[in-house]
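Novice: You'll find upload32.cif just under this line, and it carries mmCIF, C-alpha atoms and all ligand atoms.
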```cif
data_upload
loop_
_atom_site.label_atom_id
_atom_site.label_comp_id
_atom_site.auth_asym_id
_atom_site.auth_seq_id
_atom_site.Cartn_x
_atom_site.Cartn_y
_atom_site.Cartn_z
CA MET A 1299 58.98 -162.14 33.71
CA ILE A 1300 58.58 -162.50 29.94
CA THR A 1301 61.44 -161.20 27.79
CA VAL A 1302 60.78 -160.06 24.21
CA PHE A 1303 63.87 -160.02 22.00
CA GLY A 1304 63.74 -157.46 19.21
CA GLU A 1305 61.17 -155.10 17.72
CA GLY A 1306 60.12 -155.39 14.07
CA ARG A 1307 57.27 -157.90 14.36
CA GLY A 1308 58.09 -157.95 18.08
CA PHE A 1309 55.91 -154.82 18.15
CA ARG A 1310 52.93 -157.19 17.82
CA VAL A 1311 54.06 -159.16 20.85
CA VAL A 1312 54.68 -156.06 22.99
CA TRP A 1313 51.26 -154.66 22.02
CA LEU A 1314 49.59 -157.94 22.99
CA LEU A 1315 51.42 -157.99 26.34
CA GLU A 1316 50.30 -154.40 26.98
CA GLU A 1317 46.68 -155.28 26.12
CA MET A 1318 46.83 -158.29 28.47
CA GLY A 1319 48.54 -156.32 31.27
CA LEU A 1320 51.37 -158.87 31.60
CA ALA A 1321 54.80 -157.94 32.96
CA TYR A 1322 57.60 -158.07 30.38
CA LYS A 1323 60.84 -156.51 29.36
CA LEU A 1324 61.95 -155.66 25.84
CA ARG A 1325 65.51 -156.62 25.04
CA PRO A 1326 66.65 -154.73 21.91
CA VAL A 1327 68.25 -156.65 19.03
CA ASP A 1328 69.97 -154.55 16.37
CA LEU A 1329 69.78 -156.47 13.09
CA LEU A 1330 71.60 -153.72 11.19
CA ALA A 1331 74.54 -153.83 13.61
CA GLY A 1332 74.81 -157.59 12.88
CA VAL A 1333 73.39 -160.31 15.11
CA GLU A 1334 76.59 -162.33 14.69
CA ASN A 1335 78.03 -160.19 17.51
CA ASP A 1336 75.04 -160.77 19.79
CA ALA A 1337 75.87 -164.12 21.41
CA GLU A 1338 73.10 -163.87 24.02
CA PHE A 1339 70.45 -163.45 21.31
CA LEU A 1340 71.91 -166.18 19.10
CA ALA A 1341 71.68 -168.57 22.03
CA ILE A 1342 67.92 -167.83 22.06
CA ASN A 1343 67.47 -167.94 18.27
CA PRO A 1344 70.43 -169.34 16.34
CA ALA A 1345 68.62 -168.43 13.09
CA GLY A 1346 69.13 -164.78 14.06
CA PHE A 1347 65.70 -163.30 13.21
CA ILE A 1348 63.36 -161.35 15.46
CA PRO A 1349 61.19 -161.47 17.46
CA ALA A 1350 61.83 -164.22 20.00
CA ILE A 1351 60.59 -164.58 23.55
CA ARG A 1352 61.69 -166.26 26.71
CA ASP A 1353 59.04 -167.09 29.32
CA GLY A 1354 60.50 -169.18 32.16
CA ASP A 1355 61.99 -172.17 30.41
CA VAL A 1356 60.00 -171.56 27.20
CA THR A 1357 61.80 -170.07 24.19
CA MET A 1358 59.84 -169.29 21.02
CA VAL A 1359 60.03 -167.52 17.66
CA GLU A 1360 57.32 -166.51 15.10
CA SER A 1361 55.24 -163.53 16.17
CA ILE A 1362 51.81 -165.08 15.52
CA ALA A 1363 52.70 -168.35 17.25
CA ILE A 1364 54.08 -166.33 20.18
CA MET A 1365 50.82 -164.37 20.45
CA GLU A 1366 48.78 -167.59 20.37
CA TYR A 1367 51.03 -169.10 23.04
CA LEU A 1368 50.78 -166.05 25.34
CA MET A 1369 46.98 -165.84 25.04
CA ALA A 1370 46.57 -169.57 25.66
CA ARG A 1371 49.01 -169.85 28.55
CA HIS A 1372 48.35 -166.51 30.26
CA GLY A 1373 44.70 -166.04 29.22
CA PRO A 1374 41.83 -166.35 28.83
CA THR A 1375 41.55 -163.01 27.10
CA PRO A 1376 38.88 -161.41 24.87
CA LEU A 1377 41.73 -160.84 22.38
CA ALA A 1378 41.30 -164.51 21.38
CA PRO A 1379 37.66 -165.55 20.79
CA ALA A 1380 36.98 -169.12 21.96
CA PRO A 1381 36.52 -171.87 19.33
CA GLN A 1382 32.73 -171.93 19.84
CA ASP A 1383 32.43 -168.15 19.41
CA PRO A 1384 30.87 -167.26 16.01
CA ALA A 1385 33.79 -164.80 15.51
CA PHE A 1386 36.40 -167.57 15.82
CA PRO A 1387 36.84 -168.64 12.17
CA THR A 1388 37.18 -165.06 10.91
CA TYR A 1389 39.49 -164.25 13.81
CA GLN A 1390 41.71 -167.22 13.02
CA GLN A 1391 41.82 -166.37 9.32
CA PHE A 1392 42.87 -162.73 9.80
CA LEU A 1393 45.28 -163.55 12.63
CA HIS A 1394 47.29 -165.62 10.14
CA LEU A 1395 46.59 -163.56 7.02
CA GLY A 1396 48.27 -160.63 8.80
CA GLU A 1397 51.61 -162.45 8.64
CA ALA A 1398 51.41 -165.17 5.99
CA GLY A 1399 49.54 -163.07 3.40
CA LEU A 1400 50.40 -159.48 4.24
CA ALA A 1401 53.54 -158.86 6.32
CA ALA A 1402 55.58 -161.69 4.80
CA SER A 1403 55.02 -160.34 1.28
CA ILE A 1404 55.38 -156.61 1.95
CA TYR A 1405 58.57 -157.34 3.95
CA PHE A 1406 60.26 -158.54 0.74
CA VAL A 1407 58.97 -155.54 -1.22
CA SER A 1408 60.50 -153.37 1.50
CA GLY A 1409 63.83 -155.20 1.23
CA ALA A 1410 63.86 -154.76 -2.54
CA ARG A 1411 62.91 -151.08 -2.43
CA ASN A 1412 65.17 -150.05 0.44
CA LEU A 1413 68.17 -152.39 0.38
CA ALA A 1414 68.56 -153.99 -3.07
CA PRO A 1415 70.84 -152.61 -5.80
CA GLU A 1416 69.02 -150.10 -8.07
CA ALA A 1417 68.45 -152.60 -10.91
CA GLU A 1418 66.77 -155.11 -8.56
CA ARG A 1419 64.35 -152.72 -6.84
CA ASN A 1420 61.38 -153.61 -9.02
CA ASN A 1421 62.34 -157.09 -10.15
CA TRP A 1422 59.91 -159.93 -10.84
CA SER A 1423 59.94 -161.23 -7.25
CA ALA A 1424 59.40 -157.76 -5.78
CA ARG A 1425 56.45 -157.22 -8.13
CA GLN A 1426 55.01 -160.64 -7.29
CA ALA A 1427 55.31 -159.96 -3.55
CA LEU A 1428 53.54 -156.61 -4.00
CA TYR A 1429 50.79 -158.34 -5.99
CA VAL A 1430 50.30 -160.90 -3.20
CA PHE A 1431 50.07 -158.11 -0.59
CA GLU A 1432 47.56 -156.14 -2.67
CA SER A 1433 45.37 -159.15 -3.41
CA ARG A 1434 45.21 -160.20 0.29
CA LEU A 1435 44.46 -156.61 1.25
CA THR A 1436 41.16 -156.81 -0.65
CA LEU A 1437 39.94 -159.27 2.02
CA VAL A 1438 40.80 -156.76 4.75
CA THR A 1439 38.98 -153.97 2.88
CA ARG A 1440 35.86 -156.11 2.42
CA GLN A 1441 35.86 -157.13 6.08
CA LEU A 1442 36.17 -153.50 7.24
CA GLU A 1443 33.04 -152.70 5.21
CA ARG A 1444 31.23 -155.33 7.30
CA SER A 1445 32.53 -154.70 10.82
CA PRO A 1446 34.65 -152.21 12.82
CA TYR A 1447 37.27 -154.85 13.66
CA LEU A 1448 38.51 -157.79 11.63
CA ALA A 1449 36.79 -160.46 13.69
CA GLY A 1450 33.58 -158.47 14.19
CA ASP A 1451 32.51 -156.00 16.85
CA ALA A 1452 35.44 -156.51 19.22
CA PHE A 1453 39.17 -155.76 18.99
CA THR A 1454 41.24 -159.00 18.89
CA ALA A 1455 44.78 -160.18 18.25
CA ALA A 1456 43.85 -160.41 14.55
CA ASP A 1457 43.80 -156.60 14.54
CA ILE A 1458 47.29 -156.51 16.06
CA SER A 1459 48.49 -158.95 13.41
CA VAL A 1460 47.01 -157.19 10.36
CA SER A 1461 47.56 -153.59 11.45
CA TYR A 1462 51.29 -154.25 11.87
CA ALA A 1463 51.43 -155.31 8.20
CA LEU A 1464 49.44 -152.26 7.06
CA GLN A 1465 51.78 -149.93 8.95
CA LEU A 1466 54.84 -151.75 7.59
CA ALA A 1467 53.54 -151.17 4.06
CA GLN A 1468 52.90 -147.48 4.74
CA ARG A 1469 56.20 -146.86 6.49
CA ASN A 1470 58.68 -148.91 4.46
CA VAL A 1471 57.14 -148.88 1.00
CA GLY A 1472 55.07 -145.67 1.04
CA PHE A 1473 52.01 -147.84 0.22
CA ARG A 1474 48.83 -145.78 -0.01
CA LEU A 1475 46.05 -147.43 1.99
CA GLY A 1476 42.38 -146.79 1.26
CA GLU A 1477 40.06 -144.71 3.40
CA ALA A 1478 38.59 -147.74 5.22
CA GLU A 1479 42.06 -148.94 6.30
CA LEU A 1480 43.16 -145.43 7.31
CA GLN A 1481 40.10 -144.94 9.51
CA TYR A 1482 40.60 -148.41 10.99
CA LEU A 1483 44.25 -147.65 11.84
CA ALA A 1484 43.27 -144.32 13.41
CA ARG A 1485 40.70 -146.17 15.55
CA ILE A 1486 42.96 -148.91 16.85
CA THR A 1487 46.12 -146.84 17.31
CA ALA A 1488 44.13 -144.60 19.69
CA ARG A 1489 44.04 -147.50 22.17
CA GLU A 1490 45.96 -146.86 25.38
CA ALA A 1491 47.85 -150.15 25.09
CA TYR A 1492 49.04 -149.12 21.61
CA GLN A 1493 50.26 -145.78 22.96
CA ARG A 1494 52.20 -147.55 25.72
CA THR A 1495 53.67 -149.93 23.14
CA MET A 1496 54.92 -146.99 21.08
CA GLU A 1497 56.50 -145.53 24.22
CA THR A 1498 58.38 -148.79 24.81
CA CYS A 1499 59.40 -149.54 21.21
CA HIS A 1500 62.12 -146.97 20.59
CA ALA A 1501 63.38 -148.51 17.33
CA THR A 1502 59.85 -148.53 15.86
CA ARG A 1503 59.41 -144.88 16.86
CA ALA A 1504 62.71 -144.00 15.18
CA TRP A 1505 61.72 -145.87 11.95
CA ASN A 1506 58.36 -144.08 11.91
CA ALA A 1507 60.04 -140.68 12.35
CA GLU A 1508 62.54 -141.46 9.57
CA ALA A 1509 59.73 -142.56 7.22
CA ALA A 1510 57.71 -139.43 7.99
CA LYS A 1511 60.77 -137.29 7.16
CA LYS A 1512 61.26 -139.10 3.83
CA ALA A 1513 57.55 -138.75 2.96
CA ALA A 1514 57.63 -135.02 3.70
CA ALA A 1515 60.68 -134.60 1.45
CA ARG A 1516 58.93 -136.34 -1.51
N1 LIG A 1601 57.24 -164.84 10.28
C1 LIG A 1601 58.18 -164.27 11.20
C2 LIG A 1601 59.02 -163.25 10.41
C3 LIG A 1601 60.25 -162.85 11.19
C4 LIG A 1601 61.11 -161.85 10.39
O1 LIG A 1601 61.28 -161.98 9.17
N2 LIG A 1601 61.65 -160.86 11.12
C5 LIG A 1601 62.49 -159.88 10.49
C6 LIG A 1601 62.40 -158.54 11.20
S1 LIG A 1601 60.73 -158.06 11.55
C7 LIG A 1601 63.93 -160.33 10.57
O2 LIG A 1601 64.39 -160.73 11.65
N3 LIG A 1601 64.66 -160.29 9.46
C8 LIG A 1601 66.04 -160.67 9.40
C9 LIG A 1601 66.20 -162.13 9.03
O3 LIG A 1601 65.22 -162.78 8.67
O4 LIG A 1601 67.33 -162.61 9.10
C10 LIG A 1601 57.43 -163.63 12.37
O5 LIG A 1601 56.24 -163.32 12.22
O6 LIG A 1601 58.00 -163.49 13.46
#
```
Let me see the file written as structure tokens.
Specialist:
Amino acid sequence: MITVFGEGRGFRVVWLLEEMGLAYKLRPVDLLAGVENDAEFLAINPAGFIPAIRDGDVTMVESIAIMEYLMARHGPTPLAPAPQDPAFPTYQQFLHLGEAGLAASIYFVSGARNLAPEAERNNWSARQALYVFESRLTLVTRQLERSPYLAGDAFTAADISVSYALQLAQRNVGFRLGEAELQYLARITAREAYQRTMETCHATRAWNAEAAKKAAAR
């Protein structure tokens, strides 16, 4: 049985597990309550960030690396095109762009906007991180003009990677996505595996509800 520790980017991992039909359990980790009190989790990841997984005697962090590990060890799966598949280079690029280019930068904008003291909310680093997110997003927009999914005609783990970042931007920063991204999100969030993931991920559901309330009040 695979254990996923924490939501946040752990949502990607749970969604992948749902798509692959693998048995797992989600073990909540409450970052806001302070991981210093969560000895069991710190034994898994002493650095204290989420997500992490345990699979038998394997322990791992980094959501994209975890997805690659799960697809390689428990696959094959059409979520990961094979190296000789013409879709492979584009797949690989967007799989990583979803975290390294998009989520990693918008995460720091979110921290600045939601947690930093008033005077720091739009500081130089926050503006730079937003610029990086917006510039990488142009690649997503161009790709969605070419194909229904990021790697081509089929849904892959690259879509799980990138869509998490797009939703993070919408939810935590109130970022306004373009029509192509909105239609893309509507298409992939209609998937049954996504719906089951939302059922499982209570913290993500609560954050979404909170963000929707804030947006309605604006
Ligand atoms: N690149 C990592 C990012 C992990 C990350 O920053 N996770 C956030 C929550 S989604 C976190 O744990 N933040 C608290 C911290 O870094 O201490 C991944 O993709 O897993």
Novice: Which residues form the shell of 9 Å around ligand LIG 1601 (chain A) when you count only C-alpha atoms and all ligand atoms, given as a ChimeraX atom specification?
Specialist: /A:1304-1310,1329,1333,1345-1350,1359-1364,1397-1398,1401-1402,1405,1459
Novice: Excluding same-chain residues fewer than 6 positions from A:Gln1390, what lies within 9 Å of it counting only C-alpha atoms, as a ChimeraX atom specification?
Specialist: /A:1378-1379,1449,1456
Novice: Quick one: residues within 9 Å of A:Met1318, all atoms listed in the file, excluding same-chain residues fewer than 6 positions away - as a list in words?
Specialist: Met1369, His1372, Gly1373, Thr1375, Leu1377 and Ala1491 of chain A
Novice: May I ask which of the residues A:Gly1396, A:Asn1470, A:Asp1383, A:Arg1444 is the closest one to A:Arg1411, counting all atoms listed in the file?
Specialist: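 Once distances to A:Arg1411 are computed over all atoms listed in the file, the minimum belongs to A:Asn1470.
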Novice: Residues within 12 Å of (52.6, -159.3, 1.7), file coordinates, counting only C-alpha atoms: what are they? Give the list as a ChimeraX atom specification.
Specialist: /A:1394-1409,1423-1436,1460,1462-1467,1471,1473
Novice: Please dump the current selection as a PDB file, in the frame of the given file; keep C-alpha atoms.
Specialist:
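Result written to selection06.pdb:
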```pdb
ATOM      1  CA  HIS A1394      47.290-165.620  10.140  1.00  0.00           C
ATOM      2  CA  LEU A1395      46.590-163.560   7.020  1.00  0.00           C
ATOM      3  CA  GLY A1396      48.270-160.630   8.800  1.00  0.00           C
ATOM      4  CA  GLU A1397      51.610-162.450   8.640  1.00  0.00           C
ATOM      5  CA  ALA A1398      51.410-165.170   5.990  1.00  0.00           C
ATOM      6  CA  GLY A1399      49.540-163.070   3.400  1.00  0.00           C
ATOM      7  CA  LEU A1400      50.400-159.480   4.240  1.00  0.00           C
ATOM      8  CA  ALA A1401      53.540-158.860   6.320  1.00  0.00           C
ATOM      9  CA  ALA A1402      55.580-161.690   4.800  1.00  0.00           C
ATOM     10  CA  SER A1403      55.020-160.340   1.280  1.00  0.00           C
ATOM     11  CA  ILE A1404      55.380-156.610   1.950  1.00  0.00           C
ATOM     12  CA  TYR A1405      58.570-157.340   3.950  1.00  0.00           C
ATOM     13  CA  PHE A1406      60.260-158.540   0.740  1.00  0.00           C
ATOM     14  CA  VAL A1407      58.970-155.540  -1.220  1.00  0.00           C
ATOM     15  CA  SER A1408      60.500-153.370   1.500  1.00  0.00           C
ATOM     16  CA  GLY A1409      63.830-155.200   1.230  1.00  0.00           C
ATOM     17  CA  SER A1423      59.940-161.230  -7.250  1.00  0.00           C
ATOM     18  CA  ALA A1424      59.400-157.760  -5.780  1.00  0.00           C
ATOM     19  CA  ARG A1425      56.450-157.220  -8.130  1.00  0.00           C
ATOM     20  CA  GLN A1426      55.010-160.640  -7.290  1.00  0.00           C
ATOM     21  CA  ALA A1427      55.310-159.960  -3.550  1.00  0.00           C
ATOM     22  CA  LEU A1428      53.540-156.610  -4.000  1.00  0.00           C
ATOM     23  CA  TYR A1429      50.790-158.340  -5.990  1.00  0.00           C
ATOM     24  CA  VAL A1430      50.300-160.900  -3.200  1.00  0.00           C
ATOM     25  CA  PHE A1431      50.070-158.110  -0.590  1.00  0.00           C
ATOM     26  CA  GLU A1432      47.560-156.140  -2.670  1.00  0.00           C
ATOM     27  CA  SER A1433      45.370-159.150  -3.410  1.00  0.00           C
ATOM     28  CA  ARG A1434      45.210-160.200   0.290  1.00  0.00           C
ATOM     29  CA  LEU A1435      44.460-156.610   1.250  1.00  0.00           C
ATOM     30  CA  THR A1436      41.160-156.810  -0.650  1.00  0.00           C
ATOM     31  CA  VAL A1460      47.010-157.190  10.360  1.00  0.00           C
ATOM     32  CA  TYR A1462      51.290-154.250  11.870  1.00  0.00           C
ATOM     33  CA  ALA A1463      51.430-155.310   8.200  1.00  0.00           C
ATOM     34  CA  LEU A1464      49.440-152.260   7.060  1.00  0.00           C
ATOM     35  CA  GLN A1465      51.780-149.930   8.950  1.00  0.00           C
ATOM     36  CA  LEU A1466      54.840-151.750   7.590  1.00  0.00           C
ATOM     37  CA  ALA A1467      53.540-151.170   4.060  1.00  0.00           C
ATOM     38  CA  VAL A1471      57.140-148.880   1.000  1.00  0.00           C
ATOM     39  CA  PHE A1473      52.010-147.840   0.220  1.00  0.00           C
TER      40      PHE A1473
END
```
Novice: Would you please work out which residue, of A:Cys1499, A:Met1358, A:Ile1342, A:Ile1351, is nearest to A:Trp1313 when using all atoms listed in the file?
Specialist: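 Ranked by minimum distance to A:Trp1313, first place goes to A:Cys1499.
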Novice: By how many Å are atom CA of A:Ser1445 and atom CA of A:Glu1316 apart?
Specialist: 24.0 Å
Novice: How far is it from atom CA of A:Leu1314 to atom CA of A:Leu1413, in Å with one decimal?
Specialist: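 It comes out at 29.8 Å.
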Novice: For A:Ala1510, which residue among A:Arg1469, A:Arg1352, A:Arg1489, A:Arg1494 is the nearest when counting all atoms listed in the file?
Specialist: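 Smallest separation from A:Ala1510 among the options: A:Arg1469.
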Novice: Interatomic distance between atom CA of A:Gln1481 and atom CA of A:Leu1442?
Specialist: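 If I compute the distance from atom CA of A:Gln1481 to atom CA of A:Leu1442, I get 9.7 Å.
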Novice: Nearest to A:Ala1455 among A:Phe1339, A:Trp1505, A:Trp1422, A:Tyr1389, with distances taken over all atoms listed in the file: which residue is it?
Specialist: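 The closest residue to A:Ala1455 is A:Tyr1389.
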Novice: Using only C-alpha atoms, which residue out of A:Ala1341, A:Val1327, A:Leu1368, A:Leu1480 lies closest to A:Ala1501?
Specialist: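 Of A:Ala1341, A:Val1327, A:Leu1368, A:Leu1480, the one nearest A:Ala1501 is A:Val1327, counting only C-alpha atoms.
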Novice: Using all heavy atoms, give me stretch 1322-1333 of chain A from the structure I just pasted, as a PDB file, in the first residue's frame.
Specialist:
```pdb
ATOM      1  N   TYR A1322      -3.875   3.254  -2.402  1.00  0.00           N
ATOM      2  CA  TYR A1322      -3.057   4.191  -1.623  1.00  0.00           C
ATOM      3  C   TYR A1322      -3.858   4.685  -0.440  1.00  0.00           C
ATOM      4  O   TYR A1322      -5.082   4.520  -0.400  1.00  0.00           O
ATOM      5  CB  TYR A1322      -2.652   5.403  -2.490  1.00  0.00           C
ATOM      6  CG  TYR A1322      -3.820   6.296  -2.836  1.00  0.00           C
ATOM      7  CD1 TYR A1322      -4.149   7.401  -2.042  1.00  0.00           C
ATOM      8  CD2 TYR A1322      -4.649   6.008  -3.932  1.00  0.00           C
ATOM      9  CE1 TYR A1322      -5.247   8.196  -2.350  1.00  0.00           C
ATOM     10  CE2 TYR A1322      -5.737   6.799  -4.240  1.00  0.00           C
ATOM     11  CZ  TYR A1322      -6.035   7.896  -3.453  1.00  0.00           C
ATOM     12  OH  TYR A1322      -7.126   8.679  -3.739  1.00  0.00           O
ATOM     13  N   LYS A1323      -3.160   5.280   0.503  1.00  0.00           N
ATOM     14  CA  LYS A1323      -3.884   6.059   1.504  1.00  0.00           C
ATOM     15  C   LYS A1323      -3.219   7.422   1.626  1.00  0.00           C
ATOM     16  O   LYS A1323      -2.005   7.549   1.403  1.00  0.00           O
ATOM     17  CB  LYS A1323      -3.974   5.319   2.834  1.00  0.00           C
ATOM     18  CG  LYS A1323      -2.689   5.101   3.583  1.00  0.00           C
ATOM     19  CD  LYS A1323      -3.024   4.486   4.951  1.00  0.00           C
ATOM     20  CE  LYS A1323      -1.796   4.495   5.830  1.00  0.00           C
ATOM     21  NZ  LYS A1323      -1.119   3.269   6.021  1.00  0.00           N
ATOM     22  N   LEU A1324      -4.050   8.412   1.928  1.00  0.00           N
ATOM     23  CA  LEU A1324      -3.557   9.781   2.090  1.00  0.00           C
ATOM     24  C   LEU A1324      -3.445  10.059   3.580  1.00  0.00           C
ATOM     25  O   LEU A1324      -4.422   9.939   4.315  1.00  0.00           O
ATOM     26  CB  LEU A1324      -4.537  10.763   1.434  1.00  0.00           C
ATOM     27  CG  LEU A1324      -4.233  12.251   1.620  1.00  0.00           C
ATOM     28  CD1 LEU A1324      -2.892  12.635   1.000  1.00  0.00           C
ATOM     29  CD2 LEU A1324      -5.356  13.089   0.994  1.00  0.00           C
ATOM     30  N   ARG A1325      -2.236  10.431   3.986  1.00  0.00           N
ATOM     31  CA  ARG A1325      -2.010  10.727   5.403  1.00  0.00           C
ATOM     32  C   ARG A1325      -1.865  12.254   5.498  1.00  0.00           C
ATOM     33  O   ARG A1325      -0.882  12.821   4.984  1.00  0.00           O
ATOM     34  CB  ARG A1325      -0.748   9.988   5.841  1.00  0.00           C
ATOM     35  CG  ARG A1325      -0.493   9.861   7.329  1.00  0.00           C
ATOM     36  CD  ARG A1325      -0.187  11.173   7.995  1.00  0.00           C
ATOM     37  NE  ARG A1325       0.622  10.989   9.174  1.00  0.00           N
ATOM     38  CZ  ARG A1325       1.161  11.997   9.817  1.00  0.00           C
ATOM     39  NH1 ARG A1325       0.981  13.246   9.430  1.00  0.00           N
ATOM     40  NH2 ARG A1325       1.905  11.760  10.867  1.00  0.00           N
ATOM     41  N   PRO A1326      -2.842  12.938   6.116  1.00  0.00           N
ATOM     42  CA  PRO A1326      -2.782  14.401   6.150  1.00  0.00           C
ATOM     43  C   PRO A1326      -1.545  14.919   6.888  1.00  0.00           C
ATOM     44  O   PRO A1326      -1.083  14.300   7.845  1.00  0.00           O
ATOM     45  CB  PRO A1326      -4.049  14.809   6.913  1.00  0.00           C
ATOM     46  CG  PRO A1326      -4.920  13.604   6.919  1.00  0.00           C
ATOM     47  CD  PRO A1326      -4.029  12.413   6.811  1.00  0.00           C
ATOM     48  N   VAL A1327      -1.022  16.036   6.424  1.00  0.00           N
ATOM     49  CA  VAL A1327       0.059  16.754   7.131  1.00  0.00           C
ATOM     50  C   VAL A1327      -0.391  18.212   7.174  1.00  0.00           C
ATOM     51  O   VAL A1327      -0.650  18.807   6.129  1.00  0.00           O
ATOM     52  CB  VAL A1327       1.401  16.643   6.365  1.00  0.00           C
ATOM     53  CG1 VAL A1327       2.474  17.502   7.039  1.00  0.00           C
ATOM     54  CG2 VAL A1327       1.859  15.193   6.268  1.00  0.00           C
ATOM     55  N   ASP A1328      -0.484  18.758   8.385  1.00  0.00           N
ATOM     56  CA  ASP A1328      -0.981  20.128   8.534  1.00  0.00           C
ATOM     57  C   ASP A1328       0.199  21.076   8.733  1.00  0.00           C
ATOM     58  O   ASP A1328       0.711  21.220   9.844  1.00  0.00           O
ATOM     59  CB  ASP A1328      -1.944  20.184   9.732  1.00  0.00           C
ATOM     60  CG  ASP A1328      -2.673  21.519   9.787  1.00  0.00           C
ATOM     61  OD1 ASP A1328      -2.225  22.484   9.111  1.00  0.00           O
ATOM     62  OD2 ASP A1328      -3.684  21.594  10.509  1.00  0.00           O
ATOM     63  N   LEU A1329       0.609  21.726   7.619  1.00  0.00           N
ATOM     64  CA  LEU A1329       1.770  22.626   7.693  1.00  0.00           C
ATOM     65  C   LEU A1329       1.478  23.815   8.603  1.00  0.00           C
ATOM     66  O   LEU A1329       2.360  24.286   9.317  1.00  0.00           O
ATOM     67  CB  LEU A1329       2.121  23.144   6.291  1.00  0.00           C
ATOM     68  CG  LEU A1329       2.709  22.147   5.294  1.00  0.00           C
ATOM     69  CD1 LEU A1329       3.009  22.838   3.982  1.00  0.00           C
ATOM     70  CD2 LEU A1329       3.963  21.481   5.842  1.00  0.00           C
ATOM     71  N   LEU A1330       0.228  24.290   8.572  1.00  0.00           N
ATOM     72  CA  LEU A1330      -0.096  25.488   9.360  1.00  0.00           C
ATOM     73  C   LEU A1330      -0.078  25.193  10.858  1.00  0.00           C
ATOM     74  O   LEU A1330       0.254  26.054  11.668  1.00  0.00           O
ATOM     75  CB  LEU A1330      -1.462  26.067   8.933  1.00  0.00           C
ATOM     76  CG  LEU A1330      -1.506  26.577   7.490  1.00  0.00           C
ATOM     77  CD1 LEU A1330      -2.896  27.053   7.115  1.00  0.00           C
ATOM     78  CD2 LEU A1330      -0.478  27.701   7.265  1.00  0.00           C
ATOM     79  N   ALA A1331      -0.399  23.939  11.217  1.00  0.00           N
ATOM     80  CA  ALA A1331      -0.350  23.561  12.642  1.00  0.00           C
ATOM     81  C   ALA A1331       1.092  23.393  13.120  1.00  0.00           C
ATOM     82  O   ALA A1331       1.357  23.368  14.318  1.00  0.00           O
ATOM     83  CB  ALA A1331      -1.140  22.291  12.876  1.00  0.00           C
ATOM     84  N   GLY A1332       2.038  23.278  12.157  1.00  0.00           N
ATOM     85  CA  GLY A1332       3.463  23.158  12.528  1.00  0.00           C
ATOM     86  C   GLY A1332       3.925  21.712  12.450  1.00  0.00           C
ATOM     87  O   GLY A1332       3.536  20.884  13.281  1.00  0.00           O
ATOM     88  N   VAL A1333       4.779  21.418  11.478  1.00  0.00           N
ATOM     89  CA  VAL A1333       5.245  20.040  11.309  1.00  0.00           C
ATOM     90  C   VAL A1333       6.203  19.616  12.422  1.00  0.00           C
ATOM     91  O   VAL A1333       6.463  18.432  12.596  1.00  0.00           O
ATOM     92  CB  VAL A1333       5.943  19.788   9.954  1.00  0.00           C
ATOM     93  CG1 VAL A1333       4.972  19.650   8.836  1.00  0.00           C
ATOM     94  CG2 VAL A1333       6.976  20.834   9.655  1.00  0.00           C
TER      95      VAL A1333
END
```
